[in-house]
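Have a look at final_4.cif; it's mmCIF, C-alpha atoms and all ligand atoms:
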```cif
data_model
#
loop_
_atom_site.label_atom_id
_atom_site.label_comp_id
_atom_site.auth_asym_id
_atom_site.auth_seq_id
_atom_site.Cartn_x
_atom_site.Cartn_y
_atom_site.Cartn_z
CA MET A 3 -20.35 -16.00 -13.00
CA TYR A 4 -21.65 -15.68 -9.47
CA ASN A 5 -22.84 -12.82 -7.30
CA ALA A 6 -20.86 -11.46 -4.36
CA ILE A 7 -21.72 -8.79 -1.80
CA ALA A 8 -19.41 -5.78 -1.81
CA TYR A 9 -19.19 -2.13 -0.81
CA SER A 10 -19.02 0.30 -3.71
CA ALA A 11 -19.26 4.00 -4.53
CA ALA A 12 -21.47 5.15 -7.43
CA SER A 13 -19.74 8.49 -8.03
CA ALA A 14 -16.89 10.69 -6.80
CA THR A 15 -19.18 12.34 -4.27
CA ALA A 16 -21.26 9.32 -3.21
CA PRO A 17 -20.49 7.44 0.01
CA LEU A 18 -19.63 3.74 -0.17
CA GLY A 19 -22.57 1.39 0.41
CA PRO A 20 -23.63 -2.23 -0.07
CA ALA A 21 -23.90 -3.60 -3.61
CA THR A 22 -23.96 -6.89 -5.47
CA ILE A 23 -21.15 -7.52 -7.96
CA ALA A 24 -20.35 -10.30 -10.42
CA ARG A 25 -17.28 -12.50 -9.97
CA ARG A 26 -16.11 -14.91 -12.66
CA ASP A 27 -16.32 -18.69 -12.42
CA LEU A 28 -12.89 -20.20 -11.90
CA THR A 29 -10.67 -20.82 -14.90
CA GLU A 30 -8.06 -23.57 -14.51
CA HIS A 31 -5.36 -21.31 -12.98
CA ASP A 32 -7.72 -19.38 -10.68
CA VAL A 33 -8.35 -19.62 -6.99
CA GLN A 34 -11.40 -18.31 -5.18
CA ILE A 35 -10.71 -16.53 -1.90
CA GLU A 36 -13.14 -15.80 0.92
CA ILE A 37 -11.91 -12.39 2.08
CA LEU A 38 -11.30 -12.16 5.82
CA PHE A 39 -9.67 -8.73 6.10
CA CYS A 40 -8.96 -5.84 3.75
CA GLY A 41 -6.83 -2.82 4.68
CA ILE A 42 -7.86 0.72 3.74
CA CYS A 43 -5.14 2.41 1.68
CA HIS A 44 -5.19 6.14 0.96
CA SER A 45 -5.18 5.11 -2.73
CA ASP A 46 -8.69 3.68 -2.14
CA LEU A 47 -9.81 7.15 -1.10
CA HIS A 48 -7.98 8.93 -3.97
CA SER A 49 -9.63 6.50 -6.40
CA ALA A 50 -13.14 6.45 -4.90
CA ARG A 51 -13.19 10.25 -5.12
CA ASN A 52 -11.58 10.36 -8.59
CA GLU A 53 -8.73 12.53 -7.28
CA TRP A 54 -6.32 11.02 -9.83
CA SER A 55 -8.67 11.80 -12.73
CA GLU A 56 -5.78 13.11 -14.86
CA PHE A 57 -3.69 9.94 -14.57
CA SER A 58 -6.18 7.12 -13.95
CA PRO A 59 -9.80 8.21 -14.10
CA THR A 60 -12.19 6.17 -11.98
CA ALA A 61 -14.86 4.00 -13.60
CA TYR A 62 -18.01 3.80 -11.45
CA PRO A 63 -19.20 1.95 -9.58
CA ILE A 64 -15.85 1.36 -7.86
CA VAL A 65 -15.14 -1.36 -5.30
CA PRO A 66 -11.80 -0.35 -3.74
CA GLY A 67 -9.46 -2.52 -1.65
CA HIS A 68 -6.05 -3.98 -2.47
CA GLU A 69 -4.77 -5.23 0.88
CA ILE A 70 -6.54 -8.58 0.97
CA VAL A 71 -6.08 -11.58 3.23
CA GLY A 72 -8.45 -14.52 3.03
CA ARG A 73 -9.01 -18.24 2.91
CA ILE A 74 -8.93 -20.27 -0.33
CA THR A 75 -12.37 -21.78 -0.91
CA LYS A 76 -11.91 -23.28 -4.42
CA VAL A 77 -9.01 -24.02 -6.75
CA GLY A 78 -8.99 -24.42 -10.53
CA SER A 79 -7.92 -27.73 -12.09
CA ALA A 80 -4.36 -26.58 -12.95
CA VAL A 81 -3.60 -24.75 -9.69
CA THR A 82 -0.38 -25.97 -8.05
CA LYS A 83 0.49 -23.34 -5.40
CA PHE A 84 -2.61 -23.52 -3.21
CA ARG A 85 -5.13 -25.88 -1.69
CA THR A 86 -8.60 -25.26 -0.35
CA GLY A 87 -8.34 -23.96 3.22
CA ASP A 88 -4.97 -22.19 2.75
CA LEU A 89 -4.52 -18.63 4.01
CA ALA A 90 -3.69 -16.41 1.03
CA ALA A 91 -3.31 -12.78 0.09
CA VAL A 92 -3.80 -10.45 -2.86
CA GLY A 93 -2.25 -7.02 -3.30
CA CYS A 94 -2.57 -4.27 -5.90
CA MET A 95 -2.34 -6.39 -9.07
CA VAL A 96 -4.38 -9.35 -10.30
CA ASP A 97 -2.84 -9.90 -13.74
CA SER A 98 -0.32 -8.67 -16.33
CA ASP A 99 0.57 -9.66 -19.90
CA ARG A 100 3.43 -11.95 -18.74
CA THR A 101 5.31 -11.43 -22.02
CA CYS A 102 6.81 -7.92 -21.77
CA ASN A 103 10.29 -7.18 -20.43
CA ALA A 104 8.93 -6.05 -17.08
CA CYS A 105 7.00 -9.30 -16.60
CA LYS A 106 10.02 -11.34 -17.68
CA ASP A 107 12.10 -9.44 -15.11
CA GLY A 108 9.49 -10.15 -12.40
CA ILE A 109 8.55 -6.51 -11.99
CA GLU A 110 4.94 -6.87 -13.11
CA GLN A 111 4.06 -3.49 -11.60
CA PHE A 112 5.75 -1.90 -14.62
CA CYS A 113 3.96 -4.07 -17.22
CA PRO A 114 2.11 -1.72 -19.60
CA ASN A 115 -0.82 -4.14 -19.46
CA ALA A 116 -0.85 -4.76 -15.71
CA ILE A 117 -4.37 -5.31 -14.37
CA LEU A 118 -4.86 -3.64 -11.02
CA THR A 119 -7.07 -5.20 -8.37
CA TYR A 120 -9.67 -2.48 -8.85
CA ASN A 121 -10.49 0.10 -11.52
CA SER A 122 -8.74 -1.80 -14.36
CA PRO A 123 -10.37 -3.45 -17.38
CA ASP A 124 -11.72 -6.89 -16.49
CA VAL A 125 -10.85 -9.05 -19.49
CA HIS A 126 -12.95 -11.96 -18.19
CA LEU A 127 -16.25 -10.19 -17.61
CA GLY A 128 -15.81 -7.21 -19.95
CA SER A 129 -16.36 -4.75 -17.12
CA VAL A 130 -13.97 -3.29 -14.59
CA THR A 131 -12.06 -5.07 -11.82
CA TYR A 132 -13.54 -4.93 -8.33
CA GLY A 133 -11.34 -4.95 -5.25
CA GLY A 134 -11.27 -6.30 -1.74
CA TYR A 135 -14.22 -4.54 -0.06
CA SER A 136 -16.09 -7.70 -0.94
CA GLU A 137 -16.88 -11.14 0.48
CA SER A 138 -14.82 -13.00 -2.12
CA ILE A 139 -12.52 -12.60 -5.12
CA VAL A 140 -11.28 -14.84 -7.95
CA VAL A 141 -7.60 -14.40 -8.92
CA ASP A 142 -5.03 -16.22 -11.04
CA GLU A 143 -2.75 -18.10 -8.65
CA HIS A 144 0.36 -16.31 -9.98
CA PHE A 145 -0.91 -13.11 -8.36
CA VAL A 146 -1.80 -14.75 -5.04
CA LEU A 147 0.67 -14.65 -2.13
CA ARG A 148 1.34 -16.87 0.86
CA VAL A 149 0.98 -15.34 4.33
CA PRO A 150 3.48 -16.60 6.96
CA SER A 151 1.52 -18.53 9.57
CA ASN A 152 2.89 -16.54 12.53
CA LEU A 153 1.36 -13.27 11.27
CA ASP A 154 -2.09 -12.15 12.41
CA PRO A 155 -4.33 -11.93 9.29
CA ALA A 156 -5.98 -8.59 10.20
CA SER A 157 -2.66 -6.83 10.68
CA ALA A 158 -0.87 -8.67 7.85
CA ALA A 159 -3.40 -7.43 5.26
CA PRO A 160 -1.84 -3.92 4.99
CA LEU A 161 1.50 -5.48 4.09
CA LEU A 162 0.03 -6.25 0.66
CA CYS A 163 0.25 -2.59 -0.31
CA ALA A 164 1.80 -0.52 2.49
CA GLY A 165 4.39 -3.26 3.08
CA ILE A 166 5.56 -3.85 -0.46
CA THR A 167 5.39 -0.16 -1.45
CA THR A 168 7.90 0.69 1.27
CA TYR A 169 9.97 -2.52 1.16
CA SER A 170 10.68 -2.32 -2.57
CA PRO A 171 12.33 1.15 -2.61
CA LEU A 172 14.18 0.48 0.66
CA ARG A 173 15.74 -2.58 -0.99
CA HIS A 174 16.23 -0.99 -4.40
CA TRP A 175 18.20 1.92 -2.93
CA GLY A 176 20.26 -0.34 -0.67
CA VAL A 177 18.95 0.69 2.74
CA GLY A 178 20.67 -1.19 5.55
CA LYS A 179 23.38 -0.96 8.21
CA GLY A 180 25.40 2.25 8.10
CA LYS A 181 22.72 4.16 6.17
CA LYS A 182 20.73 7.10 7.51
CA VAL A 183 17.16 6.90 6.29
CA GLY A 184 14.20 9.26 6.64
CA VAL A 185 10.57 8.25 6.41
CA VAL A 186 8.22 11.18 5.80
CA GLY A 187 4.59 10.84 6.93
CA ILE A 188 3.71 8.34 9.64
CA GLY A 189 0.50 6.96 8.18
CA GLY A 190 -0.26 3.54 6.74
CA LEU A 191 2.78 3.36 4.46
CA GLY A 192 5.10 5.38 6.69
CA HIS A 193 4.62 3.38 9.88
CA VAL A 194 5.36 0.12 8.05
CA GLY A 195 8.30 1.84 6.32
CA VAL A 196 9.79 2.74 9.72
CA LYS A 197 9.45 -0.87 10.91
CA LEU A 198 11.04 -2.27 7.74
CA ALA A 199 13.92 0.24 7.61
CA HIS A 200 14.67 -0.51 11.28
CA ALA A 201 14.61 -4.27 10.61
CA LEU A 202 17.00 -3.73 7.68
CA GLY A 203 19.45 -2.20 10.16
CA ALA A 204 19.39 1.45 9.08
CA HIS A 205 19.45 4.51 11.33
CA VAL A 206 15.85 5.64 10.94
CA VAL A 207 14.47 9.15 11.35
CA ALA A 208 10.69 9.59 11.21
CA PHE A 209 9.28 12.91 9.98
CA THR A 210 5.77 13.77 11.07
CA THR A 211 3.48 16.78 11.09
CA SER A 212 1.67 15.24 14.07
CA ALA A 213 3.59 15.90 17.31
CA ASP A 214 1.39 13.35 19.10
CA LYS A 215 2.86 10.52 16.96
CA LYS A 216 6.35 11.06 18.40
CA ASP A 217 6.29 8.31 21.04
CA ASP A 218 4.67 5.87 18.64
CA ALA A 219 7.30 6.51 15.98
CA LEU A 220 10.05 5.62 18.48
CA ARG A 221 8.14 2.48 19.49
CA LEU A 222 7.76 1.52 15.81
CA GLY A 223 11.54 1.55 15.43
CA ALA A 224 12.61 5.11 14.66
CA ASP A 225 15.91 6.14 16.22
CA GLU A 226 14.88 9.81 16.06
CA VAL A 227 11.67 11.70 15.35
CA VAL A 228 11.43 15.15 13.77
CA VAL A 229 8.28 17.23 13.90
CA SER A 230 8.58 18.65 10.41
CA ARG A 231 6.72 21.88 11.17
CA ASN A 232 9.66 22.83 13.42
CA ALA A 233 12.36 24.45 11.20
CA ASN A 234 15.05 24.15 13.88
CA GLU A 235 14.53 20.42 14.23
CA MET A 236 14.72 20.05 10.44
CA GLU A 237 17.89 22.15 10.18
CA LYS A 238 19.81 19.84 12.52
CA HIS A 239 19.64 17.09 9.88
CA ALA A 240 20.73 19.21 6.88
CA GLY A 241 22.88 17.32 4.35
CA SER A 242 22.88 14.05 6.28
CA PHE A 243 20.53 11.48 4.72
CA ASN A 244 21.47 8.72 2.28
CA PHE A 245 17.84 8.05 1.50
CA ILE A 246 14.45 9.59 2.26
CA LEU A 247 11.15 7.83 1.58
CA ASP A 248 8.27 10.29 1.18
CA THR A 249 4.84 8.73 1.82
CA VAL A 250 2.79 11.93 2.07
CA SER A 251 -0.63 11.83 0.39
CA ALA A 252 -1.17 15.58 -0.01
CA THR A 253 0.62 18.64 -1.40
CA HIS A 254 3.70 19.48 0.70
CA ASP A 255 7.12 21.10 0.40
CA ILE A 256 9.66 18.52 -0.82
CA ASN A 257 12.50 21.06 -1.10
CA SER A 258 12.87 21.11 2.68
CA TYR A 259 13.50 17.33 2.53
CA LEU A 260 15.84 17.51 -0.49
CA ALA A 261 17.94 19.89 1.63
CA LEU A 262 18.41 17.11 4.17
CA LEU A 263 20.04 14.72 1.67
CA ALA A 264 23.76 14.03 1.84
CA ARG A 265 25.82 14.24 -1.36
CA ASP A 266 24.40 11.75 -3.88
CA GLY A 267 21.43 11.05 -1.63
CA THR A 268 18.03 10.10 -3.04
CA LEU A 269 14.52 11.14 -2.13
CA THR A 270 11.90 8.70 -3.40
CA LEU A 271 8.25 9.58 -3.67
CA VAL A 272 5.80 6.79 -3.03
CA GLY A 273 3.07 9.11 -1.81
CA ALA A 274 0.93 10.17 -4.75
CA PRO A 275 -0.60 13.61 -4.16
CA PRO A 276 -3.04 14.43 -6.96
CA LYS A 277 -1.42 17.82 -7.72
CA PRO A 278 2.18 18.35 -8.99
CA LEU A 279 4.85 19.18 -6.40
CA ALA A 280 7.24 22.12 -6.92
CA VAL A 281 10.94 21.24 -7.11
CA ALA A 282 13.66 23.89 -6.74
CA ALA A 283 16.58 23.16 -9.13
CA PHE A 284 19.06 24.24 -6.47
CA ALA A 285 17.66 21.64 -4.06
CA LEU A 286 18.99 18.99 -6.48
CA ILE A 287 22.06 20.62 -8.03
CA GLY A 288 24.06 21.40 -4.89
CA GLY A 289 24.59 17.88 -3.60
CA ARG A 290 23.97 15.91 -6.82
CA HIS A 291 20.69 14.82 -5.25
CA SER A 292 18.26 12.47 -6.94
CA LEU A 293 14.49 12.68 -6.85
CA SER A 294 12.73 9.46 -7.84
CA GLY A 295 9.53 7.46 -7.51
CA SER A 296 8.58 3.87 -6.87
CA SER A 297 5.45 1.82 -7.50
CA ILE A 298 4.40 -1.09 -5.26
CA GLY A 299 6.57 -4.13 -6.13
CA GLY A 300 6.54 -7.30 -8.24
CA ILE A 301 4.95 -10.56 -7.16
CA ALA A 302 8.25 -12.29 -6.28
CA GLU A 303 9.36 -9.29 -4.24
CA THR A 304 5.97 -9.14 -2.51
CA GLN A 305 6.43 -12.75 -1.39
CA GLU A 306 9.99 -11.90 -0.29
CA MET A 307 8.61 -8.99 1.75
CA LEU A 308 5.94 -11.19 3.38
CA ASP A 309 8.57 -13.80 4.28
CA PHE A 310 10.86 -11.05 5.66
CA CYS A 311 7.94 -9.79 7.77
CA GLY A 312 7.29 -13.36 8.95
CA GLU A 313 10.92 -13.72 10.05
CA HIS A 314 10.97 -10.34 11.79
CA ASN A 315 7.40 -10.51 13.13
CA ILE A 316 6.41 -7.33 11.33
CA THR A 317 2.78 -6.42 10.70
CA ALA A 318 0.85 -3.15 10.55
CA ASP A 319 -0.62 -1.56 13.67
CA VAL A 320 -4.30 -1.80 12.82
CA GLU A 321 -7.66 -0.54 13.98
CA VAL A 322 -10.10 -3.26 12.94
CA ILE A 323 -13.45 -1.85 11.80
CA PRO A 324 -16.68 -3.23 10.38
CA ILE A 325 -17.32 -2.30 6.74
CA GLN A 326 -20.24 -0.13 7.85
CA LYS A 327 -17.65 2.34 9.24
CA VAL A 328 -15.75 2.74 5.97
CA ASN A 329 -17.03 6.25 5.15
CA GLU A 330 -16.16 7.47 8.64
CA ALA A 331 -12.74 5.83 8.25
CA TYR A 332 -12.12 7.77 5.01
CA GLU A 333 -12.84 11.06 6.82
CA ARG A 334 -10.45 10.10 9.61
CA LEU A 335 -7.78 9.15 7.05
CA LEU A 336 -7.99 12.67 5.65
CA LYS A 337 -7.27 14.05 9.12
CA SER A 338 -4.26 11.69 9.62
CA ASP A 339 -6.33 10.20 12.43
CA VAL A 340 -5.55 6.49 12.18
CA LYS A 341 -3.06 4.45 14.17
CA TYR A 342 -1.93 3.33 11.73
CA ARG A 343 -4.08 1.39 9.28
CA PHE A 344 -7.75 0.53 9.18
CA SER A 345 -8.35 -3.16 8.52
CA ILE A 346 -11.91 -4.10 7.60
CA ASP A 347 -13.26 -7.27 9.20
CA MET A 348 -15.14 -8.69 6.26
CA ALA A 349 -17.37 -10.84 8.48
CA SER A 350 -19.28 -7.56 8.97
CA LEU A 351 -20.16 -7.55 5.26
CA ARG A 352 -21.82 -10.92 5.49
CA SER A 353 -24.26 -9.47 8.03
CA GLU A 354 -25.51 -6.92 5.44
P1 LIG B 1 -2.12 7.80 5.05
O1 LIG B 1 -2.28 6.63 5.96
O2 LIG B 1 -3.21 8.79 4.96
O3 LIG B 1 -0.73 8.51 5.46
C1 LIG B 1 -0.28 9.69 4.88
C2 LIG B 1 0.49 10.48 5.94
O4 LIG B 1 1.02 11.65 5.32
C3 LIG B 1 -0.38 11.01 7.07
O5 LIG B 1 -0.57 10.10 8.11
C4 LIG B 1 0.44 12.21 7.54
O6 LIG B 1 1.50 11.76 8.39
C5 LIG B 1 1.07 12.72 6.25
N1 LIG B 1 0.31 13.85 5.70
C6 LIG B 1 -0.99 13.87 5.32
N2 LIG B 1 -1.34 15.07 4.84
C7 LIG B 1 -0.23 15.85 4.92
C8 LIG B 1 0.08 17.20 4.55
N3 LIG B 1 -0.87 18.00 4.04
N4 LIG B 1 1.35 17.64 4.74
C9 LIG B 1 2.29 16.83 5.28
N5 LIG B 1 2.06 15.56 5.65
C10 LIG B 1 0.83 15.07 5.48
O7 LIG B 1 -1.87 7.32 3.55
P2 LIG B 1 -1.15 5.98 3.01
O8 LIG B 1 -2.19 4.94 2.80
O9 LIG B 1 0.04 5.72 3.80
O10 LIG B 1 -0.74 6.46 1.53
C11 LIG B 1 0.16 7.53 1.36
C12 LIG B 1 0.26 7.93 -0.09
O11 LIG B 1 0.91 6.89 -0.81
C13 LIG B 1 -1.09 8.13 -0.80
O12 LIG B 1 -0.98 9.22 -1.69
C14 LIG B 1 -1.26 6.84 -1.58
O13 LIG B 1 -2.12 6.95 -2.68
C15 LIG B 1 0.16 6.57 -1.98
N6 LIG B 1 0.45 5.18 -2.35
C16 LIG B 1 1.37 4.99 -3.34
C17 LIG B 1 1.74 3.72 -3.70
C18 LIG B 1 2.80 3.49 -4.73
O14 LIG B 1 2.89 2.39 -5.29
N7 LIG B 1 3.65 4.48 -5.00
C19 LIG B 1 1.16 2.62 -3.06
C20 LIG B 1 0.25 2.87 -2.04
C21 LIG B 1 -0.09 4.15 -1.68
P3 LIG B 1 1.96 12.60 9.68
O15 LIG B 1 0.72 12.72 10.54
O16 LIG B 1 3.00 11.75 10.28
O17 LIG B 1 2.47 13.90 9.19
ZN ZN B 2 -2.45 0.92 -1.62
#
```
I'd like the structure from this file rewritten - as structure tokens, please.
Ligand code: NAP
Ligand code: ZN
Amino acid sequence: MYNAIAYSAASATAPLGPATIARRDLTEHDVQIEILFCGICHSDLHSARNEWSEFSPTAYPIVPGHEIVGRITKVGSAVTKFRTGDLAAVGCMVDSDRTCNACKDGIEQFCPNAILTYNSPDVHLGSVTYGGYSESIVVDEHFVLRVPSNLDPASAAPLLCAGITTYSPLRHWGVGKGKKVGVVGIGGLGHVGVKLAHALGAHVVAFTTSADKKDDALRLGADEVVVSRNANEMEKHAGSFNFILDTVSATHDINSYLALLARDGTLTLVGAPPKPLAVAAFALIGGRHSLSGSSIGGIAETQEMLDFCGEHNITADVEVIPIQKVNEAYERLLKSDVKYRFSIDMASLRSE
């Protein structure tokens, strides 16, 4: 065991602040990573403030962060994938049981015993897992990803959650050439979703409540932008979408999006508002519409996504901040005031 500096919150109402946490000594399959950058996902905020208390209550103190890029500083004796000095990344999971059907199928995110990067039981230390708002982390190499060398580390970090969470459903539901795809909410997930759907060749429509994001959405790769508060603009797209990806983090009306689906179209929720959303039966019945959900992606698919992003030069648009600004960043996230992902420069933590 060794000590690492981190930023943690002591309760649902406490701000994040500096703390010392324990990390395990390396087992033979582990690598130790010096964290360079960690993105701020809205899930970090939901978790730090225990907003998902009904589904996954938060154990305090919490160290959030699951969009990690860093440099390998040590490797265990049986490690084969990495060497000291390699650039590497960690996303939302750090382990799973590796024996269940989901693990065998390479979709570890659906393993009933998946260990998330933070707020999961830590089987090594008997406590809880601590995430990427930290100077270093120790992870089994199976859950560590390679970052294509042409991608900037600060803006590649958000791919580890925002990237895979949008890539996986776009692939699963066959988004590509000839398909009309909507992305709802142009935040961290949504802006990467627009870039990926565009790169996959689809006709992409971005839906935003923020009229001032219109030009950006077009620059990110949207073919059209709809300000969703404008009923006339929404109406024009009625019954026309093959697929809609909803990334909204708060309560909102999904029936107005279900109405935009073509026959047999699917709306997939990846946004995880804490409160249930109301669904009108008639919004599904009329066009044999499907409403579904999707959770991050497996390790193999996460590597596939990173390689795809390497080939297409896709990263997040980031605002790099020092860790000392994390509480301010959370407040701005709540106001949809980030273009389009905060990425924490972890060098700032070492100056604590
Ligand atoms: P984010 O950066 O805060 O983006 C959310 C976007 O939703 C905002 O930028 C805003 O876009 C829109 N929005 C916010 N409040 C709204 C409201 N009241 N009504 C309508 N639109 C609203 O958050 P994120 O990091 O992308 O995460 C989005 C959600 O996905 C969170 O709930 C997060 O926990 C969840 N998530 C799920 C998974 C998964 O595996 N399923 C993985 C990661 C994250 P506009 O300004 O364009 O309207
Ligand atoms: Zn996330």
Write out as number ranges by chain which residues come within 8 Å of Asn152 in chain A when counting all atoms listed in the file, dropping same-chain ones fewer than 2 positions away. A: 150, 154, 312, 315
Let's have the selection written as a PDB file, in the coordinates of the input, with C-alpha atoms.
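Heads up, here's the output in out-v6.pdb:
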```
ATOM      1  CA  PRO A 150       3.480 -16.600   6.960  1.00  0.00           C
ATOM      2  CA  ASP A 154      -2.090 -12.150  12.410  1.00  0.00           C
ATOM      3  CA  GLY A 312       7.290 -13.360   8.950  1.00  0.00           C
ATOM      4  CA  ASN A 315       7.400 -10.510  13.130  1.00  0.00           C
TER       5      ASN A 315
END
```
6 Å shell around ligand ZN 2 (chain B) using all atoms listed in the file, listed as a PyMOL selection string: chain A and resi 43+45+163
Build an axis-aligned box that encloses every atom of ligand LIG 1 (chain B) listed in the file, pad it by 8 Å on each side, and report its centre and edge lengths in Å to one decimal, as AutoDock Vina command-line options.
```
--center_x 0.2 --center_y 10.2 --center_z 2.6 --size_x 22.9 --size_y 31.6 --size_z 31.8
```
Which residues are close to Arg265 in chain A, i.e. within 10 Å by only C-alpha atoms, leaving aside same-chain residues fewer than 6 positions away? Reply as a PyMOL selection string. chain A and resi 241-244+286-292
Closest of A:Thr304, A:Ser58, A:Thr270, A:Thr167 to ligand LIG 1 (chain B) - atom-to-atom distances counting only C-alpha atoms and all ligand atoms: A:Thr167
Anything within 12 Å of (11.2, 5.5, 12.4): list those residues as an mmCIF file with C-alpha atoms, in the frame of the given file, counting all atoms listed in the file and sticking to the file's coordinates.
```
data_model
loop_
_atom_site.group_PDB
_atom_site.id
_atom_site.type_symbol
_atom_site.label_atom_id
_atom_site.label_comp_id
_atom_site.auth_asym_id
_atom_site.auth_seq_id
_atom_site.Cartn_x
_atom_site.Cartn_y
_atom_site.Cartn_z
ATOM 1 C CA LYS A 182 20.730 7.100 7.510
ATOM 2 C CA VAL A 183 17.160 6.900 6.290
ATOM 3 C CA GLY A 184 14.200 9.260 6.640
ATOM 4 C CA VAL A 185 10.570 8.250 6.410
ATOM 5 C CA VAL A 186 8.220 11.180 5.800
ATOM 6 C CA GLY A 187 4.590 10.840 6.930
ATOM 7 C CA ILE A 188 3.710 8.340 9.640
ATOM 8 C CA GLY A 189 0.500 6.960 8.180
ATOM 9 C CA LEU A 191 2.780 3.360 4.460
ATOM 10 C CA GLY A 192 5.100 5.380 6.690
ATOM 11 C CA HIS A 193 4.620 3.380 9.880
ATOM 12 C CA VAL A 194 5.360 0.120 8.050
ATOM 13 C CA GLY A 195 8.300 1.840 6.320
ATOM 14 C CA VAL A 196 9.790 2.740 9.720
ATOM 15 C CA LYS A 197 9.450 -0.870 10.910
ATOM 16 C CA LEU A 198 11.040 -2.270 7.740
ATOM 17 C CA ALA A 199 13.920 0.240 7.610
ATOM 18 C CA HIS A 200 14.670 -0.510 11.280
ATOM 19 C CA ALA A 201 14.610 -4.270 10.610
ATOM 20 C CA LEU A 202 17.000 -3.730 7.680
ATOM 21 C CA GLY A 203 19.450 -2.200 10.160
ATOM 22 C CA ALA A 204 19.390 1.450 9.080
ATOM 23 C CA HIS A 205 19.450 4.510 11.330
ATOM 24 C CA VAL A 206 15.850 5.640 10.940
ATOM 25 C CA VAL A 207 14.470 9.150 11.350
ATOM 26 C CA ALA A 208 10.690 9.590 11.210
ATOM 27 C CA PHE A 209 9.280 12.910 9.980
ATOM 28 C CA THR A 210 5.770 13.770 11.070
ATOM 29 C CA LYS A 215 2.860 10.520 16.960
ATOM 30 C CA LYS A 216 6.350 11.060 18.400
ATOM 31 C CA ASP A 217 6.290 8.310 21.040
ATOM 32 C CA ASP A 218 4.670 5.870 18.640
ATOM 33 C CA ALA A 219 7.300 6.510 15.980
ATOM 34 C CA LEU A 220 10.050 5.620 18.480
ATOM 35 C CA ARG A 221 8.140 2.480 19.490
ATOM 36 C CA LEU A 222 7.760 1.520 15.810
ATOM 37 C CA GLY A 223 11.540 1.550 15.430
ATOM 38 C CA ALA A 224 12.610 5.110 14.660
ATOM 39 C CA ASP A 225 15.910 6.140 16.220
ATOM 40 C CA GLU A 226 14.880 9.810 16.060
ATOM 41 C CA VAL A 227 11.670 11.700 15.350
ATOM 42 C CA VAL A 228 11.430 15.150 13.770
ATOM 43 C CA ILE A 246 14.450 9.590 2.260
ATOM 44 C CA LEU A 247 11.150 7.830 1.580
#
```
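A straight line drawn from CA of Asn103 in chain A to CA of Pro276 in chain A is 28.7 Å long.
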Write out as a ChimeraX atom specification the residues lying within 6 Å of Pro160 in chain A, counting all atoms listed in the file and excluding same-chain residues fewer than 4 positions away. /A:41,69,164
For each of A:Ser13, A:Gln305, A:Ser170, A:Thr131, take the minimum atom-to-atom distance to Arg26 in chain A, counting all atoms listed in the file, then give the residue where this is smallest. A:Thr131
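Each of A:Ile42, A:Pro278, A:Glu354, A:Tyr120 was checked against Pro59 in chain A using all atoms listed in the file; the smallest atom-to-atom distance is that of A:Tyr120.
In this comparison, which uses only C-alpha atoms and all ligand atoms, the residue of A:Ser136, A:Gln111, A:Ser258, A:Ser98 approaching ligand LIG 1 (chain B) most closely is A:Gln111.
With all atoms listed in the file as the basis for measurement, A:Trp54 is the residue among A:Trp54, A:Trp175, A:Phe84, A:Tyr135 that approaches ligand LIG 1 (chain B) most closely.
Take CA of Val322 in chain A and CA of Ser157 in chain A: the distance between them is 8.6 Å.
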Using only C-alpha atoms, which residues sit within 6 Å of Pro275 in chain A once same-chain residues fewer than 6 positions away are excluded, as an NGL selection string? :A and (251-253)
For the residues in that selection, give me C-alpha atoms as a compact mmCIF listing (two decimals), in the coordinates of the input.
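So the final result, stored in again_1.txt, reads:
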```txt
# COMPACT_ATOMS: atom_id res chain seq x y z
CA SER A 251 -0.63 11.83 0.39
CA ALA A 252 -1.17 15.58 -0.01
CA THR A 253 0.62 18.64 -1.40
```
Can you tell me, as a VMD selection string, what residues are no more than 9 Å from Leu38 in chain A when counting all atoms listed in the file, ignoring any on the same chain fewer than 4 positions away? chain A and resid 70 to 73 137 to 138 155 to 156 346 to 349
Write the residues of the selection above to a file with C-alpha atoms, as a CSV table (one decimal), in the frame of the given file.
```
chain,number,residue,atom,x,y,z
A,70,ILE,CA,-6.5,-8.6,1.0
A,71,VAL,CA,-6.1,-11.6,3.2
A,72,GLY,CA,-8.4,-14.5,3.0
A,73,ARG,CA,-9.0,-18.2,2.9
A,137,GLU,CA,-16.9,-11.1,0.5
A,138,SER,CA,-14.8,-13.0,-2.1
A,155,PRO,CA,-4.3,-11.9,9.3
A,156,ALA,CA,-6.0,-8.6,10.2
A,346,ILE,CA,-11.9,-4.1,7.6
A,347,ASP,CA,-13.3,-7.3,9.2
A,348,MET,CA,-15.1,-8.7,6.3
A,349,ALA,CA,-17.4,-10.8,8.5
```
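Here the question is which of A:His31, A:Lys238, A:His254, A:Lys179 gets nearest to ligand LIG 1 (chain B) using only C-alpha atoms and all ligand atoms, and that residue is A:His254.
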How far is it from atom C7 of ligand LIG 1 (chain B) to CA of Ile256 in chain A, in Å with one decimal? 11.7 Å
Find the residues with any atom within 10 Å of (-10.7, -21.9, -8.1); use all atoms listed in the file and the coordinates as given in the file, and write the answer as a list in words. Arg26, Asp27, Leu28, Thr29, Glu30, His31, Asp32, Val33, Gln34, Ile35, Ile74, Thr75, Lys76, Val77, Gly78, Ser79, Ala80, Val81, Phe84, Arg85, Thr86, Ile139, Val140, Val141, Asp142 and Glu143 of chain A
